[in-house]
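Below is entry_34.txt, which holds compact mmCIF, C-alpha atoms.
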# COMPACT_ATOMS: atom_id res chain seq x y z
CA MET A 4 0.00 0.00 0.00
CA ALA A 5 1.05 3.61 -0.55
CA ALA A 6 1.45 4.31 3.15
CA GLU A 7 3.99 1.49 3.46
CA ALA A 8 5.89 2.15 0.25
CA SER A 9 9.35 3.64 0.14
CA VAL A 10 11.06 5.06 -2.94
CA GLU A 11 14.72 4.14 -3.34
CA GLN A 12 16.90 5.97 -5.83
CA THR A 13 19.25 3.56 -7.56
CA SER A 14 21.26 5.85 -9.85
CA THR A 15 21.58 9.39 -11.19
CA THR A 16 23.34 10.42 -14.36
CA MET A 17 23.51 13.37 -16.72
CA VAL A 18 22.00 13.21 -20.20
CA HIS A 19 23.55 15.36 -22.94
CA LEU A 20 22.74 16.18 -26.55
CA THR A 21 23.32 13.38 -29.04
CA ARG A 22 25.39 15.81 -31.06
CA LYS A 23 26.06 19.51 -31.05
CA VAL A 24 23.53 21.69 -32.84
CA ASP A 25 23.84 25.13 -34.33
CA THR A 26 21.89 27.24 -31.85
CA PRO A 27 22.33 30.59 -30.14
CA THR A 28 24.68 30.37 -27.17
CA ARG A 29 22.47 32.57 -25.03
CA LEU A 30 18.73 32.67 -24.34
CA GLU A 31 17.40 35.92 -22.93
CA LEU A 32 14.95 35.90 -20.03
CA THR A 33 11.94 38.19 -20.19
CA ALA A 34 10.23 40.05 -17.37
CA TRP A 35 7.85 37.09 -17.00
CA ASP A 36 10.82 34.72 -16.66
CA LEU A 37 12.87 36.82 -14.26
CA SER A 38 9.91 37.23 -11.93
CA MET A 39 9.98 33.43 -11.40
CA LEU A 40 13.56 33.24 -10.11
CA SER A 41 12.38 32.57 -6.56
CA THR A 42 9.61 30.14 -7.51
CA HIS A 43 9.88 26.36 -7.14
CA TYR A 44 10.46 24.24 -10.23
CA ILE A 45 7.38 23.11 -12.18
CA GLN A 46 6.78 19.52 -11.05
CA LEU A 47 4.53 17.01 -12.75
CA CYS A 48 4.47 13.23 -12.94
CA ILE A 49 2.46 10.81 -15.05
CA VAL A 50 1.63 7.25 -13.97
CA PHE A 51 2.04 4.87 -16.92
CA PRO A 52 1.27 1.17 -17.37
CA LYS A 53 4.12 -1.31 -17.19
CA PRO A 54 6.22 -1.25 -20.39
CA PRO A 55 6.88 -4.52 -22.20
CA GLY A 56 10.31 -6.07 -21.79
CA PRO A 57 13.03 -5.46 -19.18
CA PHE A 58 12.97 -2.19 -17.22
CA GLU A 59 16.56 -1.56 -18.34
CA ASP A 60 15.39 -1.41 -21.96
CA THR A 61 12.81 1.21 -21.04
CA ILE A 62 15.48 3.29 -19.33
CA ARG A 63 17.75 3.16 -22.39
CA ARG A 64 14.83 4.14 -24.59
CA LEU A 65 13.94 7.12 -22.42
CA GLN A 66 17.53 8.32 -22.09
CA THR A 67 18.21 8.03 -25.82
CA SER A 68 15.05 9.90 -26.80
CA LEU A 69 15.67 12.53 -24.10
CA SER A 70 19.14 13.13 -25.51
CA TYR A 71 17.68 13.44 -29.01
CA SER A 72 14.94 15.84 -27.83
CA LEU A 73 17.59 18.23 -26.53
CA ARG A 74 18.55 18.92 -30.16
CA TYR A 75 15.24 20.79 -30.39
CA PHE A 76 15.33 22.17 -26.83
CA PRO A 77 19.09 22.71 -26.24
CA PHE A 78 18.55 25.50 -23.72
CA LEU A 79 17.11 22.91 -21.28
CA SER A 80 20.60 21.46 -21.03
CA GLY A 81 22.07 24.85 -20.16
CA ARG A 82 22.47 26.80 -16.92
CA LEU A 83 21.59 30.26 -15.70
CA VAL A 84 24.29 32.91 -15.68
CA THR A 85 24.11 36.34 -14.08
CA ASP A 86 26.13 39.17 -15.54
CA PRO A 87 26.66 41.67 -12.68
CA GLU A 88 26.43 44.52 -15.18
CA THR A 89 23.21 43.41 -16.85
CA THR A 90 20.90 40.56 -15.90
CA THR A 91 20.33 36.80 -15.72
CA PHE A 92 20.14 34.67 -18.88
CA VAL A 93 20.50 31.05 -20.02
CA ASP A 94 23.94 29.94 -21.15
CA CYS A 95 23.05 27.25 -23.69
CA LYS A 96 26.17 25.17 -23.19
CA ASP A 97 25.42 21.46 -22.87
CA SER A 98 25.76 21.08 -19.11
CA GLY A 99 23.25 18.26 -19.11
CA VAL A 100 19.85 17.14 -17.83
CA GLU A 101 19.66 15.12 -14.63
CA PHE A 102 18.19 11.61 -15.01
CA THR A 103 17.39 9.57 -11.90
CA ILE A 104 16.24 5.95 -11.71
CA SER A 105 14.33 4.75 -8.66
CA LYS A 106 12.14 1.92 -7.45
CA ALA A 107 9.07 1.95 -5.19
CA ALA A 108 8.73 -1.48 -3.63
CA GLY A 109 5.15 -2.37 -2.73
CA LEU A 110 3.56 0.54 -4.58
CA CYS A 111 0.92 -0.16 -7.24
CA ILE A 112 -0.88 1.97 -9.81
CA SER A 113 -4.07 1.60 -7.80
CA ASP A 114 -2.38 3.50 -4.96
CA LEU A 115 -1.70 6.42 -7.29
CA VAL A 116 -5.02 6.84 -9.09
CA SER A 117 -7.19 7.21 -5.99
CA ASP A 118 -8.71 10.57 -5.11
CA VAL A 119 -6.47 10.99 -2.06
CA VAL A 120 -2.90 11.70 -3.19
CA PRO A 121 -0.41 9.79 -0.99
CA GLU A 122 2.65 11.58 0.41
CA THR A 123 4.80 8.96 -1.31
CA VAL A 124 4.18 10.88 -4.55
CA ASN A 125 6.57 13.59 -3.34
CA SER A 126 9.42 11.09 -3.72
CA PHE A 127 8.80 10.82 -7.48
CA PHE A 128 10.38 14.19 -8.18
CA PRO A 129 13.99 15.38 -8.41
CA LEU A 130 15.09 18.83 -7.24
CA VAL A 131 12.06 19.03 -4.97
CA ALA A 132 12.99 22.19 -3.05
CA ALA A 133 14.92 23.90 -5.87
CA ILE A 134 13.90 27.39 -7.01
CA GLY A 135 14.54 29.22 -10.24
CA TYR A 136 17.72 30.91 -9.06
CA ASP A 137 19.28 27.50 -8.35
CA GLY A 138 19.54 26.98 -12.10
CA HIS A 139 22.88 28.76 -11.84
CA TYR A 140 24.39 25.55 -10.53
CA ARG A 141 21.68 22.90 -10.81
CA PRO A 142 20.07 21.43 -13.96
CA LEU A 143 17.26 23.40 -15.56
CA LEU A 144 15.50 20.09 -16.21
CA ALA A 145 15.57 16.92 -14.14
CA VAL A 146 13.75 13.63 -14.78
CA GLN A 147 13.04 10.74 -12.43
CA VAL A 148 11.75 7.38 -13.65
CA THR A 149 10.32 5.24 -10.86
CA GLU A 150 9.44 1.57 -11.27
CA VAL A 151 6.33 0.50 -9.34
CA VAL A 152 4.89 -3.00 -9.09
CA ASP A 153 2.70 -2.78 -12.19
CA GLY A 154 3.82 0.41 -13.92
CA VAL A 155 6.25 3.27 -14.33
CA VAL A 156 6.04 6.86 -13.04
CA ILE A 157 7.86 9.55 -15.01
CA GLY A 158 8.36 12.71 -12.98
CA CYS A 159 9.82 15.94 -14.37
CA SER A 160 11.03 19.09 -12.65
CA MET A 161 11.65 22.13 -14.87
CA ASN A 162 12.98 25.51 -13.85
CA HIS A 163 10.05 27.93 -13.74
CA ALA A 164 12.30 30.83 -14.75
CA ILE A 165 12.59 29.40 -18.27
CA ALA A 166 9.15 27.87 -18.84
CA ASP A 167 5.49 28.03 -17.90
CA GLY A 168 3.10 25.09 -17.80
CA GLY A 169 2.39 25.27 -21.53
CA SER A 170 6.09 25.11 -22.44
CA PHE A 171 6.65 22.34 -19.89
CA CYS A 172 3.94 20.19 -21.52
CA HIS A 173 5.19 21.07 -25.01
CA PHE A 174 8.59 19.61 -24.17
CA VAL A 175 7.30 16.45 -22.46
CA LYS A 176 4.94 15.73 -25.38
CA SER A 177 7.79 16.22 -27.88
CA TRP A 178 10.08 13.92 -25.89
CA SER A 179 7.38 11.25 -25.67
CA ASP A 180 6.78 11.38 -29.43
CA LEU A 181 10.46 10.76 -30.09
CA SER A 182 10.49 7.92 -27.57
CA ALA A 183 7.49 6.38 -29.36
CA GLY A 184 9.40 6.33 -32.66
CA ALA A 185 8.79 9.71 -34.31
CA LYS A 186 11.68 10.92 -36.48
CA THR A 187 11.14 14.55 -35.55
CA ILE A 188 8.83 16.66 -33.40
CA THR A 189 5.61 18.14 -34.76
CA ARG A 190 5.86 21.51 -32.98
CA GLN A 191 9.20 23.30 -33.05
CA PRO A 192 9.80 25.58 -30.05
CA MET A 193 9.96 29.28 -30.83
CA THR A 194 12.39 31.24 -28.66
CA GLU A 195 12.42 34.65 -30.33
CA ARG A 196 11.39 37.03 -27.58
CA PRO A 197 8.13 39.01 -27.93
CA LEU A 198 7.96 42.61 -29.08
CA ILE A 199 7.21 43.89 -25.58
CA HIS A 200 10.52 42.41 -24.38
CA LYS A 201 12.32 44.45 -27.04
CA GLU A 202 10.33 47.56 -26.16
CA VAL A 203 11.40 47.57 -22.51
CA GLY A 204 15.01 46.87 -23.46
CA GLN A 205 17.64 45.30 -21.25
CA ILE A 206 16.24 44.68 -17.77
CA ARG A 207 18.91 45.09 -15.15
CA PHE A 208 17.71 42.76 -12.44
CA ILE A 209 20.07 40.89 -10.16
CA ALA A 210 18.57 38.37 -7.72
CA PHE A 211 20.71 37.07 -4.88
CA GLY A 212 20.29 33.42 -4.01
CA LYS A 213 20.91 33.85 -0.30
CA ASP A 214 17.87 36.14 -0.06
CA LEU A 215 15.44 33.68 -1.64
CA ASP A 216 13.19 31.20 0.15
CA ARG A 217 13.75 27.50 -0.68
CA THR A 218 11.77 25.93 2.12
CA LEU A 219 8.91 23.53 1.53
CA PRO A 220 5.74 23.84 3.60
CA PRO A 221 4.64 21.20 6.12
CA PRO A 222 2.60 18.35 4.63
CA PHE A 223 -0.94 19.20 3.64
CA LYS A 224 -3.77 16.95 2.62
CA VAL A 225 -3.88 16.68 -1.16
CA ARG A 226 -6.91 15.38 -2.98
CA MET A 227 -8.22 15.08 -6.52
CA PHE A 228 -11.72 16.29 -7.32
CA ARG A 229 -12.69 14.79 -10.68
CA PHE A 230 -15.38 16.56 -12.70
CA THR A 231 -16.84 14.54 -15.57
CA SER A 232 -17.62 16.31 -18.83
CA LYS A 233 -21.30 16.32 -17.83
CA ALA A 234 -20.50 17.84 -14.45
CA VAL A 235 -18.35 20.56 -16.05
CA ALA A 236 -21.05 21.35 -18.63
CA ARG A 237 -23.68 21.58 -15.90
CA VAL A 238 -21.64 23.99 -13.74
CA LYS A 239 -20.75 26.10 -16.78
CA ALA A 240 -24.36 26.28 -17.92
CA LYS A 241 -25.47 27.23 -14.42
CA THR A 242 -23.09 30.19 -14.31
CA ASN A 243 -24.07 31.43 -17.77
CA GLU A 244 -27.83 30.92 -17.78
CA ARG A 245 -28.79 34.28 -16.27
CA LEU A 246 -25.92 36.37 -17.57
CA LYS A 247 -25.58 38.34 -20.75
CA LEU A 248 -21.93 39.18 -21.12
CA GLU A 249 -20.44 41.53 -23.69
CA SER A 250 -17.11 39.67 -23.62
CA GLY A 251 -18.17 36.11 -24.36
CA GLU A 252 -19.37 33.43 -21.98
CA ILE A 253 -17.90 32.22 -18.71
CA SER A 254 -15.46 29.41 -19.47
CA SER A 255 -15.46 25.95 -17.93
CA LEU A 256 -12.34 26.69 -15.87
CA GLN A 257 -13.72 30.02 -14.63
CA ALA A 258 -16.96 28.30 -13.57
CA ILE A 259 -15.20 25.43 -11.79
CA THR A 260 -12.74 27.85 -10.15
CA ALA A 261 -15.60 29.96 -8.84
CA LEU A 262 -17.21 26.82 -7.41
CA LEU A 263 -14.01 25.79 -5.57
CA TRP A 264 -13.41 29.34 -4.34
CA ARG A 265 -16.84 29.41 -2.72
CA SER A 266 -16.61 25.86 -1.35
CA THR A 267 -13.14 26.44 0.10
CA MET A 268 -14.16 29.64 1.86
CA ARG A 269 -17.25 27.91 3.23
CA ALA A 270 -15.05 25.06 4.52
CA LYS A 271 -12.77 27.54 6.29
CA ASN A 272 -15.68 29.33 7.93
CA PHE A 273 -14.19 32.83 7.87
CA PRO A 274 -16.18 35.80 9.23
CA ASP A 275 -18.40 37.52 6.67
CA LYS A 276 -16.30 40.69 6.75
CA ALA A 277 -13.02 38.86 6.10
CA ILE A 278 -11.44 39.50 2.70
CA THR A 279 -10.77 36.56 0.39
CA VAL A 280 -8.79 36.52 -2.84
CA CYS A 281 -8.86 34.17 -5.83
CA VAL A 282 -5.76 34.13 -8.04
CA MET A 283 -5.66 32.70 -11.55
CA ALA A 284 -2.71 32.51 -13.94
CA VAL A 285 -3.76 34.00 -17.28
CA GLY A 286 -1.94 33.00 -20.46
CA CYS A 287 -0.82 35.95 -22.58
CA ARG A 288 0.29 34.34 -25.86
CA SER A 289 -2.96 34.90 -27.75
CA ARG A 290 -3.63 38.24 -26.03
CA LEU A 291 -0.50 40.04 -27.21
CA GLU A 292 -0.30 42.21 -30.33
CA PRO A 293 1.02 40.60 -32.40
CA PRO A 294 0.05 37.30 -30.72
CA LEU A 295 2.62 34.65 -29.94
CA PRO A 296 2.23 31.08 -31.15
CA GLU A 297 1.52 28.33 -28.64
CA GLU A 298 5.02 27.04 -29.45
CA TYR A 299 6.62 30.10 -27.84
CA PHE A 300 8.95 28.66 -25.20
CA GLY A 301 9.19 30.57 -21.96
CA ASN A 302 6.86 32.17 -19.46
CA CYS A 303 4.01 34.09 -20.99
CA LEU A 304 1.46 34.56 -18.26
CA HIS A 305 0.66 36.72 -15.31
CA PRO A 306 -1.50 36.26 -12.22
CA LEU A 307 -4.72 38.18 -11.78
CA MET A 308 -6.56 38.61 -8.51
CA VAL A 309 -10.23 38.93 -7.69
CA GLN A 310 -11.11 40.11 -4.19
CA ALA A 311 -14.36 39.92 -2.23
CA LYS A 312 -15.68 39.83 1.29
CA VAL A 313 -16.42 36.26 2.35
CA GLY A 314 -20.02 37.11 3.21
CA GLU A 315 -20.50 38.75 -0.17
CA LEU A 316 -18.99 35.79 -2.01
CA LEU A 317 -21.26 33.29 -0.28
CA ALA A 318 -24.44 35.39 -0.17
CA HIS A 319 -24.56 35.66 -3.96
CA ASP A 320 -25.00 32.66 -6.22
CA LEU A 321 -22.27 30.89 -8.17
CA SER A 322 -22.78 33.13 -11.20
CA TRP A 323 -21.66 36.17 -9.23
CA ALA A 324 -18.24 34.71 -8.41
CA ALA A 325 -17.82 33.30 -11.92
CA GLN A 326 -18.69 36.65 -13.52
CA ALA A 327 -16.17 38.43 -11.29
CA LEU A 328 -13.43 36.06 -12.47
CA HIS A 329 -14.55 36.28 -16.10
CA SER A 330 -14.59 40.08 -16.09
CA GLU A 331 -11.06 40.27 -14.75
CA VAL A 332 -9.78 37.76 -17.31
CA ALA A 333 -11.53 39.58 -20.16
CA ALA A 334 -9.89 42.83 -19.07
CA GLN A 335 -6.41 41.46 -19.79
CA THR A 336 -5.92 43.09 -23.19
CA ALA A 337 -2.64 43.53 -25.05
CA ASP A 338 -2.37 47.12 -23.79
CA VAL A 339 -2.96 46.08 -20.17
CA ILE A 340 -0.36 43.33 -20.44
CA ARG A 341 2.15 45.71 -22.02
CA GLU A 342 1.72 48.26 -19.22
CA ARG A 343 2.16 45.58 -16.57
CA VAL A 344 5.42 44.43 -18.16
CA LYS A 345 6.69 48.00 -18.37
CA ALA A 346 5.77 48.61 -14.73
CA TRP A 347 7.62 45.45 -13.68
CA ALA A 348 10.72 46.49 -15.65
CA LYS A 349 10.83 49.79 -13.74
CA LYS A 350 10.52 48.07 -10.37
CA PRO A 351 11.41 44.35 -10.69
CA PHE A 352 10.40 41.76 -8.11
CA THR A 353 10.01 38.00 -7.81
CA TYR A 354 6.86 36.18 -6.79
CA GLY A 355 8.63 33.93 -4.32
CA ASN A 356 7.42 31.01 -2.26
CA SER A 357 6.11 32.94 0.71
CA ARG A 358 2.99 31.16 1.89
CA PRO A 359 -0.21 33.02 1.06
CA VAL A 360 -2.53 33.57 3.96
CA SER A 361 -5.33 31.08 4.41
CA ASN A 362 -7.98 33.25 2.78
CA VAL A 363 -6.35 32.95 -0.67
CA VAL A 364 -7.13 30.38 -3.37
CA VAL A 365 -4.57 30.09 -6.20
CA VAL A 366 -5.28 28.14 -9.39
CA GLY A 367 -2.44 27.00 -11.66
CA MET A 368 -1.88 24.73 -14.71
CA SER A 369 -4.68 24.27 -17.23
CA PRO A 370 -7.13 21.57 -18.36
CA ARG A 371 -6.27 22.56 -21.93
CA TYR A 372 -2.86 20.88 -21.74
CA GLU A 373 -2.99 17.55 -23.59
CA LEU A 374 -1.36 15.55 -20.81
CA TYR A 375 -3.22 12.35 -21.59
CA GLY A 376 -1.98 12.50 -25.17
CA ILE A 377 1.55 11.84 -23.90
CA ASP A 378 2.69 8.33 -24.87
CA PHE A 379 6.32 7.22 -24.65
CA GLY A 380 5.58 4.15 -26.72
CA TRP A 381 3.67 1.76 -24.50
CA GLY A 382 0.39 3.57 -23.78
CA THR A 383 -0.97 6.77 -22.29
CA GLY A 384 -1.00 7.59 -18.60
CA HIS A 385 -3.42 6.47 -15.91
CA SER A 386 -3.07 9.62 -13.83
CA VAL A 387 -1.41 13.05 -13.76
CA ILE A 388 -0.16 14.37 -10.41
CA GLY A 389 1.50 17.64 -9.44
CA GLY A 390 4.60 17.65 -7.20
CA PRO A 391 5.19 19.21 -3.78
CA GLY A 392 6.76 22.46 -4.98
CA SER A 393 4.77 25.69 -4.56
CA LYS A 394 2.17 23.93 -2.43
CA PHE A 395 0.27 25.75 0.29
CA ASP A 396 -3.11 25.82 1.98
CA GLY A 397 -5.37 26.88 -0.89
CA LYS A 398 -3.30 25.85 -3.93
CA ILE A 399 -5.26 24.21 -6.78
CA GLU A 400 -3.86 22.70 -9.97
CA ALA A 401 -6.19 22.12 -12.92
CA PHE A 402 -5.57 19.16 -15.23
CA PRO A 403 -7.57 17.59 -18.03
CA GLY A 404 -9.62 14.61 -16.91
CA LYS A 405 -8.61 11.13 -18.00
CA SER A 406 -11.95 10.62 -19.78
CA GLY A 407 -11.43 13.70 -22.00
CA ASN A 408 -14.34 15.53 -23.64
CA GLY A 409 -13.93 18.57 -21.40
CA SER A 410 -13.61 16.74 -18.08
CA ILE A 411 -11.44 18.45 -15.45
CA ASP A 412 -9.41 17.13 -12.52
CA LEU A 413 -8.55 19.57 -9.73
CA GLN A 414 -5.67 18.72 -7.39
CA VAL A 415 -6.51 20.61 -4.22
CA CYS A 416 -4.10 21.25 -1.36
CA LEU A 417 -5.55 22.19 2.04
CA ALA A 418 -4.82 21.87 5.73
CA PRO A 419 -6.38 18.60 6.99
CA GLN A 420 -9.14 20.27 9.04
CA TYR A 421 -10.28 22.29 6.02
CA MET A 422 -10.11 19.37 3.60
CA SER A 423 -12.52 17.37 5.74
CA ALA A 424 -15.05 20.20 5.55
CA LEU A 425 -14.51 20.67 1.81
CA GLU A 426 -15.14 16.99 1.12
CA SER A 427 -18.64 17.33 2.59
CA ASP A 428 -19.54 20.70 1.03
CA GLU A 429 -23.03 20.35 -0.42
CA GLU A 430 -22.57 22.66 -3.41
CA LEU A 431 -19.35 20.88 -4.41
CA LEU A 432 -20.85 17.41 -3.96
CA ASP A 433 -23.89 18.37 -6.00
CA ALA A 434 -21.64 19.52 -8.86
CA LEU A 435 -19.48 16.38 -8.73
CA ASN A 436 -22.48 14.06 -8.73
CA ALA A 437 -24.06 15.52 -11.86
CA ALA A 438 -25.85 12.81 -13.83
Same coordinates, now as structure tokens:
Amino acid sequence: MAAEASVEQTSTTMVHLTRKVDTPTRLELTAWDLSMLSTHYIQLCIVFPKPPGPFEDTIRRLQTSLSYSLRYFPFLSGRLVTDPETTTFVDCKDSGVEFTISKAAGLCISDLVSDVVPETVNSFFPLVAAIGYDGHYRPLLAVQVTEVVDGVVIGCSMNHAIADGGSFCHFVKSWSDLSAGAKTITRQPMTERPLIHKEVGQIRFIAFGKDLDRTLPPPFKVRMFRFTSKAVARVKAKTNERLKLESGEISSLQAITALLWRSTMRAKNFPDKAITVCVMAVGCRSRLEPPLPEEYFGNCLHPLMVQAKVGELLAHDLSWAAQALHSEVAAQTADVIRERVKAWAKKPFTYGNSRPVSNVVVVGMSPRYELYGIDFGWGTGHSVIGGPGSKFDGKIEAFPGKSGNGSIDLQVCLAPQYMSALESDEELLDALNAA
């Protein structure tokens, strides 16, 4: 069982490019990237069925294809460098990607696909407590392949100062295609920096590692709430039925986020006059002028915040919270984004890992990422699980559901006493049990 399982690392090596490629020696970091220097690495693992043949053959296959994938993503094998006179950038020398092999005796797939996420999952990730700044001397990408009784777990940790969730998934999908036998990747990464980066010019921003927080929070209770496509459609329809919006309809993620915001605040039982905040990461690629392609590699998002009094949030219906989120998202035009970047360049800061207060709900990742389309050559995954980095009381990660068709899985992190109340919240249960 998961509670009894232990994960033992058997070896760690560095994977390099199969051969040198003609690429720029330096990759510039934008304002969006630099602001992530104190943020934990992006951490995601996928639980796969057991590959055919010896485990050693699977390892060779994964290492070979990983090495080949670095020809398309050579900057992932680089390291961060800070020029005291200018800023931090990626030196694209082939310093290597960390590759760890481990084994979890007694752990089965069934332990990893349940709604309650076991703490053992935290052992599936390399560089667990690393932050963006650590990319000066630690790999920008690290992989851990863990053998369980009846499957394989592939966990990846990628420096958040060089990639957002979309770029992370772009790389893993490309690597898996090569592992499955593809001769080349279908989506080439684009690294030319956006026009706004050129407009603000060289950003002189020097972060000092000793001043940045690397600590991980105490263990929380982590649980998956799985919304079927019917459940998502029902919640979305409920939030839109009485609203006439000039800027399109409330999206599925906005509707589900509003639902969890309300349910979480109800579970925490704050006073009516207390202020609560919901934070969503908004992608900027399609919002810029000119827009960036989805293949743009790097961070291209910013967080937006919606604030309300707890009593106000809960006194109104679900549509009220969903409309508040929708309105803020719709307001993120190219001009607004440009002004935010310019303001950051004048007074740079990093988001850090300081723990938000308990009245905050933060939603990351996206159900639009095609995580269940990832296949290394022996089948798609059984489950997608986020790692322990950047976890706190109120953190939510949104993933596509295994069943597809618009289903959504939410990985929710809460203090144990709040999770118990959330699990019995009537509005949430009603949404989950949609026929």
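The gap separating atom CA of A:Ser255 from atom CA of A:Ser322 is 12.3 Å, in Å to one decimal.
Distances from A:Glu430, A:Glu315, A:Asp25, A:Glu400 to A:Cys416 were compared using all atoms listed in the file, and the smallest one belongs to A:Glu400.
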## Note on the structure
Computed gap from atom CA of A:Pro370 to atom CA of A:Leu30 is 28.8 Å
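The two atoms in question, atom CA of A:Asp114 and atom CA of A:Val152, are spaced 10.6 Å apart.
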### Task
Quick one: everything within 10 Å of A:Val50, counting all atoms listed in the file, minus sequence neighbours fewer than 5 positions away in the same chain. Send it as a VMD selection string.
chain A and resid 112 115 to 116 149 151 154 to 158 383 to 388
#### Entry: Contact residues around stretch 289-296 of chain A with only C-alpha atoms at 12 Å, ignoring same-chain residues under 5 positions, as a PyMOL selection string
chain A and resi 169-170+190-200+301-305+332-342+344
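Nearest to A:Asp137 of all the residues A:Leu413, A:Val309, A:Leu83, A:Val365 is A:Leu83, counting all atoms listed in the file.
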### Task
Would you please work out which residue, of A:Phe51, A:Trp264, A:Phe300, A:Phe128, is nearest to A:Leu32 when using all atoms listed in the file?
A:Phe300
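Across A:Lys398, A:Arg207, A:Arg245, A:Lys276, the tightest approach to A:Thr260 is made by A:Lys398 when counting only C-alpha atoms.
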Where atoms are missing, can you supply N, CA and C atoms for stretch 338-353 of chain A and output the lot as a CSV table (one decimal), keeping the file's coordinate frame?
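Result went into part_38.csv, see below:
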chain,number,residue,atom,x,y,z
A,338,ASP,N,-2.8,45.9,-24.4
A,338,ASP,CA,-2.4,47.1,-23.8
A,338,ASP,C,-2.2,47.0,-22.3
A,339,VAL,N,-3.1,46.3,-21.6
A,339,VAL,CA,-3.0,46.1,-20.2
A,339,VAL,C,-1.7,45.2,-19.9
A,340,ILE,N,-1.5,44.2,-20.6
A,340,ILE,CA,-0.4,43.3,-20.4
A,340,ILE,C,0.9,44.1,-20.7
A,341,ARG,N,1.0,44.9,-21.7
A,341,ARG,CA,2.2,45.7,-22.0
A,341,ARG,C,2.5,46.7,-20.9
A,342,GLU,N,1.5,47.3,-20.3
A,342,GLU,CA,1.7,48.3,-19.2
A,342,GLU,C,2.2,47.5,-18.0
A,343,ARG,N,1.7,46.3,-17.7
A,343,ARG,CA,2.2,45.6,-16.6
A,343,ARG,C,3.6,45.2,-16.7
A,344,VAL,N,4.0,44.8,-17.9
A,344,VAL,CA,5.4,44.4,-18.2
A,344,VAL,C,6.3,45.7,-18.0
A,345,LYS,N,5.9,46.8,-18.5
A,345,LYS,CA,6.7,48.0,-18.4
A,345,LYS,C,6.8,48.4,-16.9
A,346,ALA,N,5.7,48.3,-16.2
A,346,ALA,CA,5.8,48.6,-14.7
A,346,ALA,C,6.7,47.7,-14.0
A,347,TRP,N,6.7,46.4,-14.3
A,347,TRP,CA,7.6,45.4,-13.7
A,347,TRP,C,9.1,45.8,-14.0
A,348,ALA,N,9.3,46.2,-15.2
A,348,ALA,CA,10.7,46.5,-15.6
A,348,ALA,C,11.3,47.7,-14.9
A,349,LYS,N,10.4,48.6,-14.5
A,349,LYS,CA,10.8,49.8,-13.7
A,349,LYS,C,11.1,49.4,-12.3
A,350,LYS,N,10.4,48.5,-11.8
A,350,LYS,CA,10.5,48.1,-10.4
A,350,LYS,C,10.4,46.5,-10.3
A,351,PRO,N,11.5,45.8,-10.6
A,351,PRO,CA,11.4,44.4,-10.7
A,351,PRO,C,11.2,43.7,-9.3
A,352,PHE,N,10.6,42.5,-9.3
A,352,PHE,CA,10.4,41.8,-8.1
A,352,PHE,C,10.2,40.3,-8.5
A,353,THR,N,10.3,39.4,-7.6
A,353,THR,CA,10.0,38.0,-7.8
A,353,THR,C,8.8,37.6,-7.0
